[in-house]
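Enquirer: Structure: data03.tsv, TSV, C-alpha atoms and all ligand atoms.
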chain	number	residue	atom	x	y	z
N	996	MET	CA	11.80	5.06	-9.75
N	997	LYS	CA	8.68	5.98	-11.75
N	998	LYS	CA	5.93	7.55	-9.64
N	999	SER	CA	2.81	5.39	-9.53
N	1000	ILE	CA	-0.37	6.89	-10.92
N	1001	LYS	CA	-4.01	6.14	-10.23
N	1002	PRO	CA	-7.07	6.23	-12.43
N	1003	SER	CA	-9.44	9.18	-11.86
N	1004	TYR	CA	-12.99	8.48	-10.72
N	1005	LYS	CA	-16.07	10.49	-9.86
N	1006	LEU	CA	-16.60	9.99	-6.13
N	1007	HIS	CA	-20.25	9.67	-5.15
N	1008	LYS	CA	-21.32	8.55	-1.67
N	1009	ASN	CA	-18.07	6.60	-1.16
N	1010	PHE	CA	-18.61	4.97	-4.52
N	1011	ARG	CA	-16.19	5.33	-7.42
N	1012	LEU	CA	-17.89	5.94	-10.77
N	1013	PRO	CA	-16.29	6.30	-14.20
N	1014	MET	CA	-16.06	10.03	-14.89
N	1015	GLY	CA	-18.68	9.92	-17.67
N	1016	PHE	CA	-21.36	8.53	-15.31
N	1017	THR	CA	-23.75	10.86	-13.50
N	1018	PRO	CA	-24.59	10.57	-9.78
N	1019	GLU	CA	-28.25	11.30	-10.69
N	1020	ASN	CA	-28.52	8.28	-12.97
N	1021	PHE	CA	-26.69	6.12	-10.45
N	1022	ASP	CA	-29.13	7.15	-7.71
N	1023	SER	CA	-32.19	6.66	-9.88
N	1024	GLY	CA	-30.77	3.31	-11.04
N	1025	ILE	CA	-30.44	1.88	-7.57
N	1026	THR	CA	-33.99	2.94	-6.67
N	1027	TYR	CA	-35.51	1.30	-9.77
N	1028	GLN	CA	-38.32	-1.09	-8.81
N	1029	ALA	CA	-37.50	-4.48	-10.31
N	1030	GLN	CA	-40.45	-6.05	-12.15
N	1031	GLU	CA	-41.66	-9.60	-12.56
N	1032	LYS	CA	-40.53	-9.99	-16.17
N	1033	ASP	CA	-37.14	-8.31	-15.70
N	1034	THR	CA	-33.89	-10.20	-16.05
N	1035	PHE	CA	-30.70	-8.68	-14.69
N	1036	ILE	CA	-27.28	-9.64	-16.05
N	1037	VAL	CA	-25.03	-9.07	-13.07
N	1038	THR	CA	-21.24	-9.01	-13.07
N	1039	TYR	CA	-18.27	-7.37	-11.50
N	1040	PRO	CA	-16.68	-5.39	-14.40
N	1041	LYS	CA	-14.75	-7.42	-16.99
N	1042	CYS	CA	-16.21	-10.79	-16.09
N	1043	GLY	CA	-18.10	-11.47	-19.34
N	1044	THR	CA	-20.96	-8.96	-19.21
N	1045	THR	CA	-21.04	-8.05	-22.91
N	1046	TRP	CA	-20.78	-11.65	-23.99
N	1047	THR	CA	-23.76	-12.56	-21.79
N	1048	GLN	CA	-25.71	-9.48	-22.93
N	1049	HIS	CA	-25.31	-10.61	-26.54
N	1050	ILE	CA	-26.32	-14.21	-25.78
N	1051	ILE	CA	-29.46	-12.98	-24.02
N	1052	TRP	CA	-30.23	-10.49	-26.78
N	1053	MET	CA	-29.95	-13.23	-29.41
N	1054	LEU	CA	-32.10	-15.60	-27.33
N	1055	SER	CA	-34.81	-12.97	-27.28
N	1056	HIS	CA	-34.47	-12.20	-31.03
N	1057	ASP	CA	-34.84	-15.70	-32.49
N	1058	GLY	CA	-31.10	-16.20	-32.88
N	1059	LYS	CA	-30.43	-13.02	-34.87
N	1060	PRO	CA	-27.17	-11.22	-34.02
N	1061	LEU	CA	-27.17	-7.60	-32.90
N	1062	PRO	CA	-27.26	-5.49	-36.11
N	1063	LEU	CA	-24.27	-3.31	-36.91
N	1064	ASP	CA	-26.17	-0.06	-36.34
N	1065	LYS	CA	-27.24	-0.96	-32.80
N	1066	ASN	CA	-25.42	-0.78	-29.50
N	1067	ILE	CA	-25.90	-3.49	-26.90
N	1068	ASN	CA	-25.89	-0.91	-24.11
N	1069	LEU	CA	-29.09	0.64	-25.45
N	1070	GLU	CA	-30.72	-2.79	-25.91
N	1071	VAL	CA	-29.61	-4.29	-22.57
N	1072	PRO	CA	-28.79	-1.05	-20.77
N	1073	HIS	CA	-26.50	-0.56	-17.82
N	1074	LEU	CA	-28.77	0.43	-14.93
N	1075	GLU	CA	-26.27	2.66	-13.09
N	1076	GLU	CA	-25.33	4.45	-16.32
N	1077	VAL	CA	-28.74	5.18	-17.84
N	1078	GLY	CA	-30.78	5.45	-14.63
N	1079	GLY	CA	-34.09	3.99	-13.56
N	1080	ASP	CA	-36.32	6.12	-15.82
N	1081	PHE	CA	-34.65	4.89	-18.98
N	1082	VAL	CA	-35.09	1.29	-17.88
N	1083	LYS	CA	-38.69	1.84	-16.75
N	1084	TYR	CA	-39.73	2.79	-20.28
N	1085	LEU	CA	-38.12	-0.18	-22.02
N	1086	SER	CA	-40.60	-2.61	-23.50
N	1087	LYS	CA	-41.11	-5.87	-21.61
N	1088	PRO	CA	-39.53	-8.29	-21.05
N	1089	ARG	CA	-36.65	-6.11	-19.90
N	1090	PHE	CA	-33.03	-7.22	-19.88
N	1091	ILE	CA	-30.83	-5.03	-17.72
N	1092	LYS	CA	-27.09	-4.98	-17.04
N	1093	THR	CA	-25.72	-4.09	-13.62
N	1094	HIS	CA	-22.42	-4.21	-11.76
N	1095	LEU	CA	-24.07	-3.75	-8.35
N	1096	THR	CA	-23.51	-5.95	-5.33
N	1097	TYR	CA	-26.45	-8.08	-4.21
N	1098	ASN	CA	-27.64	-5.64	-1.57
N	1099	LEU	CA	-27.73	-2.69	-3.96
N	1100	THR	CA	-29.35	-4.52	-6.88
N	1101	PRO	CA	-33.09	-3.84	-7.18
N	1102	TYR	CA	-34.81	-6.92	-5.84
N	1103	ASN	CA	-38.07	-8.62	-6.62
N	1104	PRO	CA	-38.59	-12.34	-5.90
N	1105	ASP	CA	-40.09	-12.69	-9.38
N	1106	THR	CA	-37.17	-10.99	-11.14
N	1107	LYS	CA	-34.40	-13.18	-12.58
N	1108	TYR	CA	-30.69	-12.60	-12.03
N	1109	ILE	CA	-27.94	-14.12	-14.17
N	1110	TYR	CA	-24.62	-13.70	-12.37
N	1111	VAL	CA	-21.31	-14.31	-14.17
N	1112	ALA	CA	-18.13	-14.63	-12.10
N	1113	ARG	CA	-14.58	-14.63	-13.48
N	1114	ASN	CA	-11.33	-15.49	-11.70
N	1115	PRO	CA	-9.82	-12.33	-10.17
N	1116	PHE	CA	-6.48	-12.72	-11.98
N	1117	ASP	CA	-7.86	-12.46	-15.52
N	1118	CYS	CA	-10.43	-9.95	-14.30
N	1119	ALA	CA	-7.67	-7.66	-12.98
N	1120	VAL	CA	-5.77	-7.75	-16.29
N	1121	SER	CA	-8.90	-7.14	-18.33
N	1122	PHE	CA	-9.94	-4.31	-15.99
N	1123	TYR	CA	-6.49	-2.74	-16.38
N	1124	TYR	CA	-6.81	-2.55	-20.19
N	1125	HIS	CA	-10.36	-1.30	-19.87
N	1126	THR	CA	-9.29	1.49	-17.50
N	1127	GLN	CA	-6.28	2.43	-19.59
N	1128	GLY	CA	-8.29	2.54	-22.83
N	1129	PHE	CA	-11.34	4.60	-21.79
N	1130	ILE	CA	-9.35	7.80	-21.38
N	1131	LYS	CA	-12.41	10.05	-20.96
N	1132	HIS	CA	-13.62	7.90	-18.05
N	1133	TYR	CA	-10.37	7.30	-16.17
N	1134	ASP	CA	-7.53	9.52	-17.51
N	1135	PHE	CA	-5.16	6.57	-17.06
N	1136	ALA	CA	-3.60	6.22	-20.52
N	1137	GLU	CA	-0.10	6.25	-19.01
N	1138	GLY	CA	-0.96	3.88	-16.16
N	1139	THR	CA	0.87	0.55	-15.91
N	1140	PHE	CA	-0.48	-2.81	-14.83
N	1141	ASP	CA	1.51	-2.47	-11.60
N	1142	ASP	CA	-0.22	0.84	-10.88
N	1143	PHE	CA	-3.63	-0.69	-11.52
N	1144	PHE	CA	-2.94	-3.86	-9.55
N	1145	GLU	CA	-2.55	-1.84	-6.33
N	1146	CYS	CA	-5.94	-0.21	-6.89
N	1147	PHE	CA	-7.58	-3.55	-7.75
N	1148	ILE	CA	-6.28	-5.48	-4.76
N	1149	THR	CA	-7.38	-2.74	-2.35
N	1150	GLY	CA	-10.78	-2.38	-4.03
N	1151	GLU	CA	-10.08	1.25	-5.01
N	1152	VAL	CA	-11.65	0.94	-8.45
N	1153	ASP	CA	-15.07	1.60	-9.90
N	1154	TRP	CA	-17.71	-0.75	-8.42
N	1155	GLY	CA	-15.45	-1.37	-5.47
N	1156	ASP	CA	-13.87	-4.51	-4.19
N	1157	TYR	CA	-13.96	-7.58	-6.42
N	1158	PHE	CA	-14.36	-9.90	-3.41
N	1159	ASP	CA	-17.21	-7.94	-1.82
N	1160	HIS	CA	-19.05	-8.26	-5.10
N	1161	LEU	CA	-18.42	-11.95	-5.59
N	1162	LEU	CA	-19.21	-12.88	-1.99
N	1163	SER	CA	-22.41	-10.85	-1.93
N	1164	TRP	CA	-23.75	-12.88	-4.86
N	1165	VAL	CA	-22.25	-16.26	-4.09
N	1166	GLN	CA	-24.40	-16.40	-0.97
N	1167	HIS	CA	-27.41	-16.38	-3.30
N	1168	LYS	CA	-25.94	-18.82	-5.79
N	1169	ASN	CA	-28.66	-21.38	-5.20
N	1170	ASP	CA	-31.65	-19.01	-4.96
N	1171	GLN	CA	-34.40	-20.08	-7.35
N	1172	ASN	CA	-34.27	-16.75	-9.21
N	1173	VAL	CA	-30.47	-16.68	-9.56
N	1174	LEU	CA	-28.43	-18.45	-12.25
N	1175	PHE	CA	-24.78	-18.43	-11.20
N	1176	LEU	CA	-22.28	-18.99	-14.04
N	1177	THR	CA	-18.56	-18.55	-14.55
N	1178	TYR	CA	-16.66	-17.07	-17.47
N	1179	GLU	CA	-14.36	-20.09	-17.44
N	1180	SER	CA	-17.26	-22.50	-17.79
N	1181	MET	CA	-18.72	-20.39	-20.61
N	1182	LYS	CA	-15.36	-20.61	-22.41
N	1183	ASN	CA	-15.09	-24.31	-21.79
N	1184	ASP	CA	-18.61	-25.22	-22.88
N	1185	PRO	CA	-20.52	-22.31	-24.41
N	1186	LYS	CA	-23.35	-24.54	-25.68
N	1187	MET	CA	-24.11	-25.94	-22.22
N	1188	ASN	CA	-24.16	-22.44	-20.75
N	1189	ILE	CA	-26.41	-21.02	-23.49
N	1190	ILE	CA	-28.83	-23.90	-22.86
N	1191	ALA	CA	-28.66	-23.19	-19.10
N	1192	MET	CA	-29.53	-19.54	-19.74
N	1193	ALA	CA	-32.44	-20.46	-22.03
N	1194	LYS	CA	-33.76	-22.94	-19.48
N	1195	PHE	CA	-33.51	-20.38	-16.72
N	1196	LEU	CA	-35.37	-17.77	-18.79
N	1197	GLY	CA	-38.28	-20.14	-19.35
N	1198	ASP	CA	-39.90	-22.65	-21.67
N	1199	ASN	CA	-40.38	-20.32	-24.62
N	1200	TYR	CA	-36.61	-19.64	-24.72
N	1201	LEU	CA	-35.81	-23.31	-24.40
N	1202	GLU	CA	-38.18	-24.08	-27.26
N	1203	LYS	CA	-36.34	-21.56	-29.42
N	1204	ILE	CA	-33.00	-23.26	-29.07
N	1205	GLU	CA	-34.52	-26.66	-29.76
N	1206	ASN	CA	-34.35	-25.27	-33.28
N	1207	LEU	CA	-30.73	-26.16	-33.96
N	1208	GLN	CA	-30.29	-23.38	-36.49
N	1209	ILE	CA	-31.05	-20.85	-33.74
N	1210	LEU	CA	-28.69	-22.52	-31.29
N	1211	GLU	CA	-25.90	-22.70	-33.89
N	1212	SER	CA	-26.45	-19.06	-34.82
N	1213	ILE	CA	-26.15	-17.98	-31.17
N	1214	LEU	CA	-23.01	-20.07	-30.73
N	1215	HIS	CA	-21.48	-18.63	-33.87
N	1216	HIS	CA	-22.36	-14.96	-33.36
N	1217	THR	CA	-21.41	-14.90	-29.67
N	1218	SER	CA	-18.03	-16.57	-30.21
N	1219	PHE	CA	-14.99	-14.47	-29.44
N	1220	THR	CA	-14.08	-14.35	-33.15
N	1221	SER	CA	-17.50	-13.04	-34.19
N	1222	MET	CA	-17.77	-10.55	-31.35
N	1223	SER	CA	-14.31	-9.20	-32.19
N	1224	GLN	CA	-15.83	-7.93	-35.45
N	1225	ASN	CA	-17.71	-4.62	-35.61
N	1226	GLN	CA	-16.94	-3.69	-32.04
N	1227	SER	CA	-18.79	-0.38	-32.18
N	1228	ARG	CA	-21.80	-2.52	-31.16
N	1229	TRP	CA	-20.38	-3.13	-27.68
N	1230	SER	CA	-18.95	0.08	-26.28
N	1231	SER	CA	-18.16	3.68	-26.94
N	1232	GLN	CA	-15.15	4.48	-29.11
N	1233	ARG	CA	-11.66	3.85	-27.78
N	1234	PRO	CA	-8.53	5.57	-29.20
N	1235	VAL	CA	-6.96	3.47	-31.98
N	1236	ASN	CA	-3.70	3.01	-30.07
N	1237	MET	CA	-5.54	1.27	-27.18
N	1238	THR	CA	-6.46	-2.42	-26.96
N	1239	PRO	CA	-9.86	-3.25	-28.43
N	1240	PHE	CA	-12.79	-3.71	-26.02
N	1241	ILE	CA	-13.16	-7.37	-27.00
N	1242	ARG	CA	-9.49	-7.96	-26.34
N	1243	GLN	CA	-8.18	-11.52	-25.86
N	1244	GLY	CA	-11.00	-13.56	-24.37
N	1245	LYS	CA	-8.63	-16.06	-22.78
N	1246	VAL	CA	-8.46	-17.94	-19.51
N	1247	GLY	CA	-5.02	-17.67	-17.89
N	1248	ASP	CA	-3.70	-14.65	-19.82
N	1249	TRP	CA	-2.95	-13.10	-16.41
N	1250	ARG	CA	0.27	-15.12	-16.21
N	1251	SER	CA	1.92	-12.80	-18.74
N	1252	HIS	CA	1.18	-9.77	-16.54
N	1253	PHE	CA	1.54	-10.79	-12.87
N	1254	SER	CA	4.84	-10.78	-10.99
N	1255	VAL	CA	5.53	-13.57	-8.47
N	1256	SER	CA	4.73	-11.26	-5.60
N	1257	GLN	CA	1.46	-10.02	-7.18
N	1258	THR	CA	0.41	-13.65	-7.75
N	1259	GLN	CA	1.09	-14.49	-4.11
N	1260	ARG	CA	-0.74	-11.44	-2.81
N	1261	LEU	CA	-3.88	-11.98	-4.88
N	1262	SER	CA	-3.85	-15.74	-4.22
N	1263	GLN	CA	-3.65	-15.06	-0.51
N	1264	LYS	CA	-6.54	-12.62	-0.67
N	1265	LEU	CA	-8.61	-15.05	-2.75
N	1266	ARG	CA	-7.88	-17.89	-0.31
N	1267	MET	CA	-8.67	-15.78	2.75
N	1268	LYS	CA	-11.83	-14.15	1.41
N	1269	THR	CA	-13.40	-17.30	0.02
N	1270	ALA	CA	-12.47	-19.78	2.79
N	1271	GLY	CA	-15.58	-21.55	4.01
N	1272	THR	CA	-17.82	-19.97	1.34
N	1273	GLU	CA	-19.29	-21.41	-1.83
N	1274	ALA	CA	-16.70	-19.42	-3.79
N	1275	GLU	CA	-13.92	-21.52	-2.30
N	1276	ASN	CA	-13.74	-24.03	-5.12
N	1277	LEU	CA	-14.72	-21.91	-8.09
N	1278	TRP	CA	-11.11	-21.69	-9.32
N	1279	GLN	CA	-7.83	-23.36	-8.56
N	1280	ILE	CA	-5.76	-20.87	-6.57
N	1281	PRO	CA	-2.24	-20.35	-7.99
N	1282	GLU	CA	0.67	-20.83	-5.56
S	1301	LIG	P1	-10.28	-9.77	-21.89
S	1301	LIG	O1	-9.96	-8.33	-21.64
S	1301	LIG	O2	-9.57	-10.70	-20.95
S	1301	LIG	O3	-10.06	-10.16	-23.31
S	1301	LIG	P2	-17.05	-7.28	-19.87
S	1301	LIG	O4	-17.96	-7.45	-21.03
S	1301	LIG	O5	-17.62	-7.70	-18.57
S	1301	LIG	O6	-16.46	-5.91	-19.88
S	1301	LIG	O7	-15.85	-8.32	-20.07
S	1301	LIG	C1	-14.89	-8.11	-21.09
S	1301	LIG	C2	-14.04	-9.35	-21.18
S	1301	LIG	O8	-14.83	-10.40	-21.80
S	1301	LIG	C3	-12.86	-9.12	-22.11
S	1301	LIG	O9	-11.84	-9.99	-21.60
S	1301	LIG	C4	-13.40	-9.59	-23.45
S	1301	LIG	O10	-12.43	-9.89	-24.39
S	1301	LIG	C5	-14.18	-10.82	-23.00
S	1301	LIG	N1	-15.17	-11.24	-23.98
S	1301	LIG	C6	-16.11	-10.49	-24.60
S	1301	LIG	N2	-16.82	-11.23	-25.47
S	1301	LIG	C7	-16.33	-12.48	-25.40
S	1301	LIG	C8	-16.65	-13.70	-26.07
S	1301	LIG	N3	-17.59	-13.75	-26.99
S	1301	LIG	N4	-15.93	-14.80	-25.74
S	1301	LIG	C9	-14.97	-14.75	-24.79
S	1301	LIG	N5	-14.61	-13.62	-24.14
S	1301	LIG	C10	-15.29	-12.50	-24.43
Would you encode the structure as structure tokens?
Ligand code: A3P
Expert:
Amino acid sequence: MKKSIKPSYKLHKNFRLPMGFTPENFDSGITYQAQEKDTFIVTYPKCGTTWTQHIIWMLSHDGKPLPLDKNINLEVPHLEEVGGDFVKYLSKPRFIKTHLTYNLTPYNPDTKYIYVARNPFDCAVSFYYHTQGFIKHYDFAEGTFDDFFECFITGEVDWGDYFDHLLSWVQHKNDQNVLFLTYESMKNDPKMNIIAMAKFLGDNYLEKIENLQILESILHHTSFTSMSQNQSRWSSQRPVNMTPFIRQGKVGDWRSHFSVSQTQRLSQKLRMKTAGTEAENLWQIPE
């Protein structure tokens, strides 16, 4: 039987970081003082972060798509990766990406938080390909989905346990400064979700998308097909033999990866963790 392998991480205060991240930037990131005009895009990894970053970027640039010579992670930077000082010197209004749980995310009652949740099955598959493909961060090129599944279900991955993350935010789902969305709803009705984001950001954003050309441009340039083009805008380079960063963009692709027993184990964990919480009915739980 093949020996199972695990991704490598940089351990920092019981926290697993991708190997390219620095503990200094992580520490300065979590002590950043959130400001009134800041908007955080918050996700557990692989739940639609980049898609949301691009929607928000386009909303704040009159419907223009991110140019080919720019990278979204410099425009809407990842707090834990770049650190608090980088973010502090961004011009306002600031849009910031984070994968932190609610309690670790810099809080200000006048800061806005857009949270995107994705079902754990598709998230696990997407996270597997992410971890396999970023060799310099995880050294997991030979890892299988079965290897990764064991790390995912026990929360032994970067940014920790999927359920801890989801449950920390779902409790704040109805806070006035939180907009709680799901990847599945964004797939099902992108227009409605773009309008919800604009409304949440404020009247001047809503006014922008009343111009139908702007709304249509955002819809077009943030579609899976458009974002699959010129992918150097979204992440650092991945080896050519690995899956692209914008990979499949599907709901339910997990079925081609999960065994019966893996489905049962993750369903059971999802059922148990979300029982009696507002996350209980976010997705239908497979048998
Ligand atoms: P898959 O690996 O299932 O294809 P994140 O940005 O949080 O890392 O999430 C990445 C996931 O979002 C990937 O999922 C990616 O393909 C998907 N994604 C990115 N842009 C998308 C878009 N415009 N429409 C739908 N899915 C998108």
Enquirer: Kindly provide, as JSON, numbers by chain, all nucleotide and amino acid residues lying within 8 Å of ligand LIG 1301 (chain S), counting all atoms listed in the file.
Expert: {"N": [1038, 1039, 1040, 1041, 1042, 1043, 1044, 1045, 1046, 1047, 1117, 1118, 1120, 1121, 1122, 1124, 1125, 1178, 1181, 1182, 1217, 1218, 1219, 1220, 1221, 1222, 1223, 1240, 1241, 1242, 1243, 1244, 1245, 1246, 1248]}
Enquirer: Just checking: using all atoms listed in the file, which residue out of N:Asp1153, N:Thr1096, N:Trp1052, N:Thr1034 ends up closest to Gly1197 in chain N?
Expert: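 Distance minimum relative to Gly1197 in chain N lands on N:Thr1034.
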Enquirer: How many Å separate CA of Glu1273 in chain N from CA of Phe1144 in chain N?
Expert: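 Between CA of Glu1273 in chain N and CA of Phe1144 in chain N the gap is 25.2 Å.
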Enquirer: State, in Å with one decimal place, the distance from CA of Leu1074 in chain N to CA of Arg1089 in chain N.
Expert: 11.4 Å
Enquirer: With a distance cut-off of 10 Å and all atoms listed in the file, select the neighbouring residues of Met1053 in chain N, excluding the residue or stretch itself and same-chain residues fewer than 6 positions from it, and output the selection as a PyMOL selection string.
Expert: chain N and resi 1047+1059-1061+1209-1210+1212-1214+1216-1217
Enquirer: Pick the closest to Val1152 in chain N from N:Arg1260, N:Lys1203, N:Arg1011, N:Lys1005: which is it, counting only C-alpha atoms?
Expert: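 Smallest separation from Val1152 in chain N among the options: N:Arg1011.
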Enquirer: Under the rule that all atoms listed in the file are counted, which of N:Glu1070, N:Ser1023, N:His1049, N:Thr1017 is the nearest residue to His1215 in chain N?
Expert: N:His1049
Enquirer: So how many Å separate CA of Val1037 in chain N and CA of Thr1093 in chain N, to one decimal?
Expert: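 Atom-to-atom, CA of Val1037 in chain N and CA of Thr1093 in chain N are spaced 5.1 Å apart.
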Enquirer: Neighbouring residues of Gly1271 in chain N were defined as those with any atom within 12 Å, considering all atoms listed in the file; residues of the same chain fewer than 6 positions away were excluded. Please report them as a ChimeraX atom specification.
Expert: /N:1162,1165-1166,1265
Enquirer: Looking at N:Ser1230, N:Thr1139, N:Pro1115, N:Val1235, which one is nearest to Gln1263 in chain N, with distances taken over all atoms listed in the file?
Expert: N:Pro1115
Enquirer: My list of candidates is N:Gly1138, N:Pro1002, N:Pro1018, N:Gly1155. Which is closest to His1094 in chain N when distances are computed with all atoms listed in the file?
Expert: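 When distances to His1094 in chain N are compared using all atoms listed in the file, the smallest one comes from N:Gly1155.
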Enquirer: Looking at all atoms listed in the file, which of N:Leu1054, N:Leu1261, N:Val1082, N:Ile1091 is the one that sits closest to Leu1201 in chain N?
Expert: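 Among N:Leu1054, N:Leu1261, N:Val1082, N:Ile1091, it is N:Leu1054 that comes nearest to Leu1201 in chain N.
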Enquirer: Quick one: residues within 8 Å of Pro1101 in chain N, all atoms listed in the file counted, chain neighbours fewer than 5 positions away excluded, as a PyMOL selection string?
Expert: chain N and resi 1025-1029
Enquirer: With C-alpha atoms retained, export the selected residues as a PDB file, in the coordinates of the input.
Expert:
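Everything below was put into again08.pdb:
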ATOM      1  CA  ILE N1025     -30.440   1.880  -7.570  1.00  0.00           C
ATOM      2  CA  THR N1026     -33.990   2.940  -6.670  1.00  0.00           C
ATOM      3  CA  TYR N1027     -35.510   1.300  -9.770  1.00  0.00           C
ATOM      4  CA  GLN N1028     -38.320  -1.090  -8.810  1.00  0.00           C
ATOM      5  CA  ALA N1029     -37.500  -4.480 -10.310  1.00  0.00           C
TER       6      ALA N1029
END
Enquirer: As a PDB file, in the coordinates of the input, could you write out range 1121-1136 of chain N once it has been completed with N, CA and C atoms?
Expert:
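Resulting contents of out_21.pdb:
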ATOM      1  N   SER N1121      -7.906  -7.694 -17.410  1.00  0.00           N
ATOM      2  CA  SER N1121      -8.900  -7.140 -18.330  1.00  0.00           C
ATOM      3  C   SER N1121      -9.350  -5.746 -17.881  1.00  0.00           C
ATOM      4  N   PHE N1122      -9.501  -5.602 -16.570  1.00  0.00           N
ATOM      5  CA  PHE N1122      -9.940  -4.310 -15.990  1.00  0.00           C
ATOM      6  C   PHE N1122      -8.846  -3.246 -16.201  1.00  0.00           C
ATOM      7  N   TYR N1123      -7.596  -3.680 -16.131  1.00  0.00           N
ATOM      8  CA  TYR N1123      -6.490  -2.740 -16.380  1.00  0.00           C
ATOM      9  C   TYR N1123      -6.605  -2.166 -17.801  1.00  0.00           C
ATOM     10  N   TYR N1124      -6.756  -3.045 -18.804  1.00  0.00           N
ATOM     11  CA  TYR N1124      -6.810  -2.550 -20.190  1.00  0.00           C
ATOM     12  C   TYR N1124      -8.060  -1.704 -20.434  1.00  0.00           C
ATOM     13  N   HIS N1125      -9.121  -2.083 -19.775  1.00  0.00           N
ATOM     14  CA  HIS N1125     -10.360  -1.300 -19.870  1.00  0.00           C
ATOM     15  C   HIS N1125     -10.118   0.126 -19.344  1.00  0.00           C
ATOM     16  N   THR N1126      -9.503   0.197 -18.172  1.00  0.00           N
ATOM     17  CA  THR N1126      -9.290   1.490 -17.500  1.00  0.00           C
ATOM     18  C   THR N1126      -8.290   2.345 -18.270  1.00  0.00           C
ATOM     19  N   GLN N1127      -7.284   1.703 -18.816  1.00  0.00           N
ATOM     20  CA  GLN N1127      -6.280   2.430 -19.590  1.00  0.00           C
ATOM     21  C   GLN N1127      -6.902   2.996 -20.884  1.00  0.00           C
ATOM     22  N   GLY N1128      -7.787   2.197 -21.493  1.00  0.00           N
ATOM     23  CA  GLY N1128      -8.290   2.540 -22.830  1.00  0.00           C
ATOM     24  C   GLY N1128      -9.407   3.570 -22.850  1.00  0.00           C
ATOM     25  N   PHE N1129     -10.242   3.614 -21.799  1.00  0.00           N
ATOM     26  CA  PHE N1129     -11.340   4.600 -21.790  1.00  0.00           C
ATOM     27  C   PHE N1129     -10.833   5.887 -21.132  1.00  0.00           C
ATOM     28  N   ILE N1130     -10.050   6.635 -21.917  1.00  0.00           N
ATOM     29  CA  ILE N1130      -9.350   7.800 -21.380  1.00  0.00           C
ATOM     30  C   ILE N1130     -10.323   8.814 -20.778  1.00  0.00           C
ATOM     31  N   LYS N1131     -11.472   9.020 -21.449  1.00  0.00           N
ATOM     32  CA  LYS N1131     -12.410  10.050 -20.960  1.00  0.00           C
ATOM     33  C   LYS N1131     -13.030   9.636 -19.612  1.00  0.00           C
ATOM     34  N   HIS N1132     -13.050   8.347 -19.321  1.00  0.00           N
ATOM     35  CA  HIS N1132     -13.620   7.900 -18.050  1.00  0.00           C
ATOM     36  C   HIS N1132     -12.603   7.863 -16.907  1.00  0.00           C
ATOM     37  N   TYR N1133     -11.338   7.594 -17.238  1.00  0.00           N
ATOM     38  CA  TYR N1133     -10.370   7.300 -16.170  1.00  0.00           C
ATOM     39  C   TYR N1133      -9.073   8.110 -16.214  1.00  0.00           C
ATOM     40  N   ASP N1134      -8.762   8.749 -17.368  1.00  0.00           N
ATOM     41  CA  ASP N1134      -7.530   9.520 -17.510  1.00  0.00           C
ATOM     42  C   ASP N1134      -6.308   8.710 -17.022  1.00  0.00           C
ATOM     43  N   PHE N1135      -6.183   7.509 -17.551  1.00  0.00           N
ATOM     44  CA  PHE N1135      -5.160   6.570 -17.060  1.00  0.00           C
ATOM     45  C   PHE N1135      -4.349   5.985 -18.231  1.00  0.00           C
ATOM     46  N   ALA N1136      -4.267   6.752 -19.324  1.00  0.00           N
ATOM     47  CA  ALA N1136      -3.600   6.220 -20.520  1.00  0.00           C
ATOM     48  C   ALA N1136      -2.148   5.834 -20.243  1.00  0.00           C
TER      49      ALA N1136
END
